[in-house]
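First the structure, in the form of structure tokens, and then the observations on it.
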Amino acid sequence: GGTSYLNQGHVQGTLVFTINGSNLADRVFPVGSGGTRRVFILRGITANNARVAVECVATDGGTAGAGLSALGETHRWYARVVSGTITSIDSVLVQASMGEGFSATSTAQRRIARSSSLSGVYSDVSFGNGSFFSSFTNAGEVVRSVSGNYNTLGYFATALSSGNFMKTWTGLANTSNWEDAANWTANTLPTCSTDVSLVRPFSTIVIGSNSVCGNLILSGRTVLQVKPGARLTLGCNTGSARQITINGAATRLEVLTGGEVRVQ
């Protein structure tokens with residue numbers, strides 16, 4: 001079930017809808033950044049000619065509040081009322097991804113956090129255990145907030161209750177080089193303890209020097225190539241039991257002659 005947004009574009013800016021009525025159905029804002037398709041959803045709205053704006057904003061700044069360990073590196077959403085009045089909103093949903101590090105088994109890990117400012121403290125507003133919904137299959141997984149009054153809206157982020165989000169590839173440096181920090185979420189390179197998820201269909205990502213990460217997951221017809229004289233080291237210590245997971249027949253890890261992959 002659910003609605004498909006697979007072929008729907010995204011707005012890499014601000015999208016404004018006029019909303020009027022009681023207990024209205026979903027209002028879907030297809031806003032993203034970095035060439036990605038994401039959706040931000042308001043449910044069960046009661047409003048009087050309210051013009052509501054939603055945009056995808058920088059993930060810089062902000063701290064995780066009580067009960068949270070990490071905020072998503074990929075997307076933040078800023079939702080606000082431009083004019084008119086919103087009386088109530090049943091809940092907020094944001095599109096997430098298992099590739100970002102949400103646990104496949106722990107529903108307590110699936111969180112939405114909200115702050116009154118981009119650089120402020122983000123508090124957990126999740127639906128609680130079981131907040132991860134996959135009915136919006138073609139849009140990716142969706143995390144839902146607890147029912148409540150969101151008439152002030154604010155800044156929203158995905159969050160985890162423990163651990164850290166996976167480092168994911170954005171390609172914003174417009175190169176294929178692993179070593180370009182601008183190609184990664186938060187514009188920082190993976191460390192030896194950072195789990196990495198690479199989903200870049202029909203693209204080759206190249207390691208040309210000595211690089212590191214934690215666990216490595218390759219998906220979606222992505223090719224990771226280790227050049228001659230280069231090395232990818234997984235983990236920080238001997239016996240760290242790091243793993244490489246390759247999903248899909250067209251997904252490959254290529255180690256060219258003179259290249260090396262090592263579990264440290």
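Chain labels A, B, ... are given in the sequence in which chains occur in the structure tokens; within each chain residues are numbered consecutively from 1, and ligands are likewise numbered from 1 in the order shown.
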Region 80-89 of chain A surroundings by only C-alpha atoms, 8 Å radius, close-in-sequence under 3 positions cut, as a ChimeraX atom specification: /A:42-54,92,147-154
Can I get the selection written as a PDB file, in the first residue's frame, with N, CA, C and O atoms?
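Final output, again-v8.pdb:
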```
ATOM      1  N   LEU A  42       2.917  16.229   6.316  1.00  0.00           N
ATOM      2  CA  LEU A  42       2.054  16.656   7.414  1.00  0.00           C
ATOM      3  C   LEU A  42       0.748  15.876   7.313  1.00  0.00           C
ATOM      4  O   LEU A  42       0.184  15.750   6.229  1.00  0.00           O
ATOM      5  N   ARG A  43       0.251  15.386   8.462  1.00  0.00           N
ATOM      6  CA  ARG A  43      -0.964  14.557   8.452  1.00  0.00           C
ATOM      7  C   ARG A  43      -2.027  15.169   9.350  1.00  0.00           C
ATOM      8  O   ARG A  43      -1.737  15.721  10.401  1.00  0.00           O
ATOM      9  N   GLY A  44      -3.299  14.990   8.938  1.00  0.00           N
ATOM     10  CA  GLY A  44      -4.426  15.363   9.765  1.00  0.00           C
ATOM     11  C   GLY A  44      -4.427  16.825  10.169  1.00  0.00           C
ATOM     12  O   GLY A  44      -4.566  17.158  11.345  1.00  0.00           O
ATOM     13  N   ILE A  45      -4.312  17.719   9.193  1.00  0.00           N
ATOM     14  CA  ILE A  45      -4.158  19.146   9.474  1.00  0.00           C
ATOM     15  C   ILE A  45      -5.529  19.808   9.623  1.00  0.00           C
ATOM     16  O   ILE A  45      -6.457  19.525   8.868  1.00  0.00           O
ATOM     17  N   THR A  46      -5.641  20.692  10.595  1.00  0.00           N
ATOM     18  CA  THR A  46      -6.775  21.614  10.692  1.00  0.00           C
ATOM     19  C   THR A  46      -6.214  23.025  10.585  1.00  0.00           C
ATOM     20  O   THR A  46      -5.386  23.427  11.411  1.00  0.00           O
ATOM     21  N   ALA A  47      -6.632  23.740   9.537  1.00  0.00           N
ATOM     22  CA  ALA A  47      -6.014  25.036   9.258  1.00  0.00           C
ATOM     23  C   ALA A  47      -7.021  25.983   8.648  1.00  0.00           C
ATOM     24  O   ALA A  47      -8.012  25.569   8.024  1.00  0.00           O
ATOM     25  N   ASN A  48      -6.761  27.285   8.819  1.00  0.00           N
ATOM     26  CA  ASN A  48      -7.576  28.337   8.236  1.00  0.00           C
ATOM     27  C   ASN A  48      -6.708  29.118   7.246  1.00  0.00           C
ATOM     28  O   ASN A  48      -5.957  30.013   7.626  1.00  0.00           O
ATOM     29  N   ASN A  49      -6.813  28.721   5.980  1.00  0.00           N
ATOM     30  CA  ASN A  49      -6.042  29.374   4.904  1.00  0.00           C
ATOM     31  C   ASN A  49      -4.585  29.595   5.291  1.00  0.00           C
ATOM     32  O   ASN A  49      -4.045  30.695   5.172  1.00  0.00           O
ATOM     33  N   ALA A  50      -3.955  28.548   5.753  1.00  0.00           N
ATOM     34  CA  ALA A  50      -2.556  28.639   6.173  1.00  0.00           C
ATOM     35  C   ALA A  50      -1.638  28.366   4.986  1.00  0.00           C
ATOM     36  O   ALA A  50      -1.810  27.381   4.269  1.00  0.00           O
ATOM     37  N   ARG A  51      -0.684  29.246   4.799  1.00  0.00           N
ATOM     38  CA  ARG A  51       0.372  29.008   3.813  1.00  0.00           C
ATOM     39  C   ARG A  51       1.567  28.430   4.575  1.00  0.00           C
ATOM     40  O   ARG A  51       2.174  29.103   5.417  1.00  0.00           O
ATOM     41  N   VAL A  52       1.882  27.168   4.269  1.00  0.00           N
ATOM     42  CA  VAL A  52       2.932  26.443   4.989  1.00  0.00           C
ATOM     43  C   VAL A  52       4.121  26.229   4.062  1.00  0.00           C
ATOM     44  O   VAL A  52       3.961  25.761   2.934  1.00  0.00           O
ATOM     45  N   ALA A  53       5.301  26.582   4.541  1.00  0.00           N
ATOM     46  CA  ALA A  53       6.534  26.434   3.764  1.00  0.00           C
ATOM     47  C   ALA A  53       7.409  25.364   4.376  1.00  0.00           C
ATOM     48  O   ALA A  53       7.561  25.292   5.600  1.00  0.00           O
ATOM     49  N   VAL A  54       7.976  24.509   3.530  1.00  0.00           N
ATOM     50  CA  VAL A  54       8.923  23.479   3.971  1.00  0.00           C
ATOM     51  C   VAL A  54      10.125  23.519   3.042  1.00  0.00           C
ATOM     52  O   VAL A  54       9.973  23.613   1.819  1.00  0.00           O
ATOM     53  N   VAL A  92       3.814  14.333  11.998  1.00  0.00           N
ATOM     54  CA  VAL A  92       4.784  14.681  10.966  1.00  0.00           C
ATOM     55  C   VAL A  92       5.534  13.408  10.587  1.00  0.00           C
ATOM     56  O   VAL A  92       5.880  12.604  11.450  1.00  0.00           O
ATOM     57  N   SER A 147       1.615  11.738  17.755  1.00  0.00           N
ATOM     58  CA  SER A 147       0.490  12.629  17.532  1.00  0.00           C
ATOM     59  C   SER A 147       0.581  13.809  18.484  1.00  0.00           C
ATOM     60  O   SER A 147       0.984  13.663  19.642  1.00  0.00           O
ATOM     61  N   GLY A 148       0.207  14.988  17.992  1.00  0.00           N
ATOM     62  CA  GLY A 148       0.296  16.144  18.866  1.00  0.00           C
ATOM     63  C   GLY A 148       0.045  17.429  18.124  1.00  0.00           C
ATOM     64  O   GLY A 148      -0.358  17.426  16.956  1.00  0.00           O
ATOM     65  N   ASN A 149       0.261  18.520  18.787  1.00  0.00           N
ATOM     66  CA  ASN A 149       0.015  19.822  18.205  1.00  0.00           C
ATOM     67  C   ASN A 149       1.318  20.411  17.674  1.00  0.00           C
ATOM     68  O   ASN A 149       2.203  20.760  18.448  1.00  0.00           O
ATOM     69  N   TYR A 150       1.411  20.506  16.361  1.00  0.00           N
ATOM     70  CA  TYR A 150       2.629  20.996  15.724  1.00  0.00           C
ATOM     71  C   TYR A 150       2.383  22.330  15.030  1.00  0.00           C
ATOM     72  O   TYR A 150       3.005  22.638  14.026  1.00  0.00           O
ATOM     73  N   ASN A 151       1.474  23.123  15.573  1.00  0.00           N
ATOM     74  CA  ASN A 151       1.136  24.352  14.876  1.00  0.00           C
ATOM     75  C   ASN A 151       2.301  25.342  14.827  1.00  0.00           C
ATOM     76  O   ASN A 151       2.306  26.261  14.022  1.00  0.00           O
ATOM     77  N   THR A 152       3.313  25.160  15.675  1.00  0.00           N
ATOM     78  CA  THR A 152       4.491  26.024  15.586  1.00  0.00           C
ATOM     79  C   THR A 152       5.570  25.433  14.679  1.00  0.00           C
ATOM     80  O   THR A 152       6.514  26.131  14.305  1.00  0.00           O
ATOM     81  N   LEU A 153       5.433  24.140  14.356  1.00  0.00           N
ATOM     82  CA  LEU A 153       6.378  23.451  13.481  1.00  0.00           C
ATOM     83  C   LEU A 153       7.818  23.663  13.960  1.00  0.00           C
ATOM     84  O   LEU A 153       8.097  23.546  15.134  1.00  0.00           O
ATOM     85  N   GLY A 154       8.775  23.984  13.065  1.00  0.00           N
ATOM     86  CA  GLY A 154      10.159  24.140  13.495  1.00  0.00           C
ATOM     87  C   GLY A 154      11.111  23.377  12.603  1.00  0.00           C
ATOM     88  O   GLY A 154      10.829  23.117  11.424  1.00  0.00           O
TER      89      GLY A 154
END
```
Shell around Gly220 (chain A) at 7 Å using only C-alpha atoms, local window under 6 positions removed, as JSON, numbers by chain: {"A": [199, 200, 201, 248, 251]}
Option closest in space to Gly235 (chain A), from A:Val16, A:Val255, A:Cys213, A:Ala249 [counting only C-alpha atoms]: A:Cys213
Members of region 4-253 of chain A assigned strand (DSSP E) by DSSP, as a ChimeraX atom specification: /A:14-24,27-29,40-57,63-64,70-95,111-115,121-124,132-133,142-144,154-160,167-168,196-199,204-207,210-213,216-219,223-226,231-234,244-246,252-253
Sel. of helix (DSSP H, G or I) residues, region 5-247 of chain A, as a ChimeraX atom specification: /A:98-100,107-109,137-139,181-183,185-187
Next, dump the selected residues to file, keeping only N, CA and C atoms, as a PDB file, in the first residue's frame.
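Ended up saving to out_28.pdb:
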```pdb
ATOM      1  N   MET A  98      17.215   3.061   5.410  1.00  0.00           N
ATOM      2  CA  MET A  98      17.960   2.060   6.172  1.00  0.00           C
ATOM      3  C   MET A  98      19.454   2.243   5.956  1.00  0.00           C
ATOM      4  N   GLY A  99      19.834   2.769   4.768  1.00  0.00           N
ATOM      5  CA  GLY A  99      21.238   2.978   4.467  1.00  0.00           C
ATOM      6  C   GLY A  99      21.900   4.033   5.321  1.00  0.00           C
ATOM      7  N   GLU A 100      21.094   4.852   6.019  1.00  0.00           N
ATOM      8  CA  GLU A 100      21.652   5.877   6.886  1.00  0.00           C
ATOM      9  C   GLU A 100      22.041   5.330   8.249  1.00  0.00           C
ATOM     10  N   THR A 107      13.248  -1.019  16.877  1.00  0.00           N
ATOM     11  CA  THR A 107      12.348   0.085  16.578  1.00  0.00           C
ATOM     12  C   THR A 107      12.649   1.300  17.440  1.00  0.00           C
ATOM     13  N   ALA A 108      13.316   1.106  18.568  1.00  0.00           N
ATOM     14  CA  ALA A 108      13.668   2.243  19.426  1.00  0.00           C
ATOM     15  C   ALA A 108      14.681   3.161  18.769  1.00  0.00           C
ATOM     16  N   GLN A 109      15.343   2.678  17.728  1.00  0.00           N
ATOM     17  CA  GLN A 109      16.354   3.484  17.042  1.00  0.00           C
ATOM     18  C   GLN A 109      15.755   4.483  16.063  1.00  0.00           C
ATOM     19  N   THR A 137       6.698   2.568   0.335  1.00  0.00           N
ATOM     20  CA  THR A 137       7.833   1.772  -0.123  1.00  0.00           C
ATOM     21  C   THR A 137       8.642   2.471  -1.208  1.00  0.00           C
ATOM     22  N   ASN A 138       7.962   3.032  -2.187  1.00  0.00           N
ATOM     23  CA  ASN A 138       8.685   3.603  -3.319  1.00  0.00           C
ATOM     24  C   ASN A 138       9.347   4.930  -2.991  1.00  0.00           C
ATOM     25  N   ALA A 139       9.003   5.500  -1.850  1.00  0.00           N
ATOM     26  CA  ALA A 139       9.666   6.724  -1.420  1.00  0.00           C
ATOM     27  C   ALA A 139      10.806   6.410  -0.468  1.00  0.00           C
ATOM     28  N   ALA A 181      36.448  14.991   0.664  1.00  0.00           N
ATOM     29  CA  ALA A 181      35.521  15.070   1.802  1.00  0.00           C
ATOM     30  C   ALA A 181      34.145  15.587   1.390  1.00  0.00           C
ATOM     31  N   ALA A 182      34.102  16.451   0.384  1.00  0.00           N
ATOM     32  CA  ALA A 182      32.824  17.030  -0.040  1.00  0.00           C
ATOM     33  C   ALA A 182      31.901  16.006  -0.688  1.00  0.00           C
ATOM     34  N   ASN A 183      32.401  14.809  -0.976  1.00  0.00           N
ATOM     35  CA  ASN A 183      31.557  13.744  -1.517  1.00  0.00           C
ATOM     36  C   ASN A 183      30.784  12.997  -0.438  1.00  0.00           C
ATOM     37  N   THR A 185      28.537  12.822   3.439  1.00  0.00           N
ATOM     38  CA  THR A 185      27.665  13.558   4.349  1.00  0.00           C
ATOM     39  C   THR A 185      28.499  14.273   5.395  1.00  0.00           C
ATOM     40  N   ALA A 186      28.041  15.469   5.749  1.00  0.00           N
ATOM     41  CA  ALA A 186      28.705  16.358   6.706  1.00  0.00           C
ATOM     42  C   ALA A 186      30.068  16.834   6.213  1.00  0.00           C
ATOM     43  N   ASN A 187      30.391  16.551   4.936  1.00  0.00           N
ATOM     44  CA  ASN A 187      31.653  17.008   4.341  1.00  0.00           C
ATOM     45  C   ASN A 187      32.874  16.551   5.129  1.00  0.00           C
TER      46      ASN A 187
END
```
Selection: 8 Å around Tyr122 (chain A), only C-alpha atoms, excl. self and same-chain fewer than 6 positions, as a list in words: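 Residues near the query, excluding close chain neighbours: Gly62, Thr63, Ala64, Gly65, Ala113, Arg114, Ser115, Phe156 and Ala157 of chain A.
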Any chance you could export the current selection's N, CA and C atoms as a PDB file, in the first residue's frame?
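Written output follows (out.pdb):
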```
ATOM      1  N   GLY A  62      23.450  22.175  15.892  1.00  0.00           N
ATOM      2  CA  GLY A  62      22.427  21.428  16.608  1.00  0.00           C
ATOM      3  C   GLY A  62      23.003  20.278  17.400  1.00  0.00           C
ATOM      4  N   THR A  63      22.358  19.960  18.513  1.00  0.00           N
ATOM      5  CA  THR A  63      22.793  18.850  19.362  1.00  0.00           C
ATOM      6  C   THR A  63      21.614  17.949  19.676  1.00  0.00           C
ATOM      7  N   ALA A  64      21.909  16.689  19.893  1.00  0.00           N
ATOM      8  CA  ALA A  64      20.879  15.709  20.229  1.00  0.00           C
ATOM      9  C   ALA A  64      20.452  15.880  21.680  1.00  0.00           C
ATOM     10  N   GLY A  65      19.145  15.945  21.921  1.00  0.00           N
ATOM     11  CA  GLY A  65      18.613  16.122  23.261  1.00  0.00           C
ATOM     12  C   GLY A  65      18.575  14.821  24.043  1.00  0.00           C
ATOM     13  N   ALA A 113      13.452  14.141  15.581  1.00  0.00           N
ATOM     14  CA  ALA A 113      13.747  15.148  16.591  1.00  0.00           C
ATOM     15  C   ALA A 113      13.375  16.522  16.042  1.00  0.00           C
ATOM     16  N   ARG A 114      12.978  17.419  16.952  1.00  0.00           N
ATOM     17  CA  ARG A 114      12.564  18.763  16.549  1.00  0.00           C
ATOM     18  C   ARG A 114      13.257  19.810  17.409  1.00  0.00           C
ATOM     19  N   SER A 115      13.567  20.963  16.784  1.00  0.00           N
ATOM     20  CA  SER A 115      14.175  22.080  17.490  1.00  0.00           C
ATOM     21  C   SER A 115      13.537  23.378  17.015  1.00  0.00           C
ATOM     22  N   PHE A 156      13.272  19.909  11.854  1.00  0.00           N
ATOM     23  CA  PHE A 156      13.116  18.481  12.100  1.00  0.00           C
ATOM     24  C   PHE A 156      14.318  17.720  11.546  1.00  0.00           C
ATOM     25  N   ALA A 157      14.698  16.656  12.241  1.00  0.00           N
ATOM     26  CA  ALA A 157      15.812  15.802  11.807  1.00  0.00           C
ATOM     27  C   ALA A 157      15.518  14.368  12.185  1.00  0.00           C
TER      28      ALA A 157
END
```
Contact residues around region 193-198 of chain A with only C-alpha atoms at 10 Å, ignoring same-chain residues under 2 positions, as a PyMOL selection string: chain A and resi 98-101+164-170+184+189-191+200-201+205+212-224+234-237+240+242-246
Residue with smallest distance to Asn210 (chain A) - pool A:Gly72, A:Gly120, A:Gly259, A:Gly163, counting only C-alpha atoms: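 Distance minimum relative to Asn210 (chain A) lands on A:Gly259.
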Interatomic distance, CA of Arg110 (chain A) to CA of Asn247 (chain A) (Å, one decimal): 22.8 Å
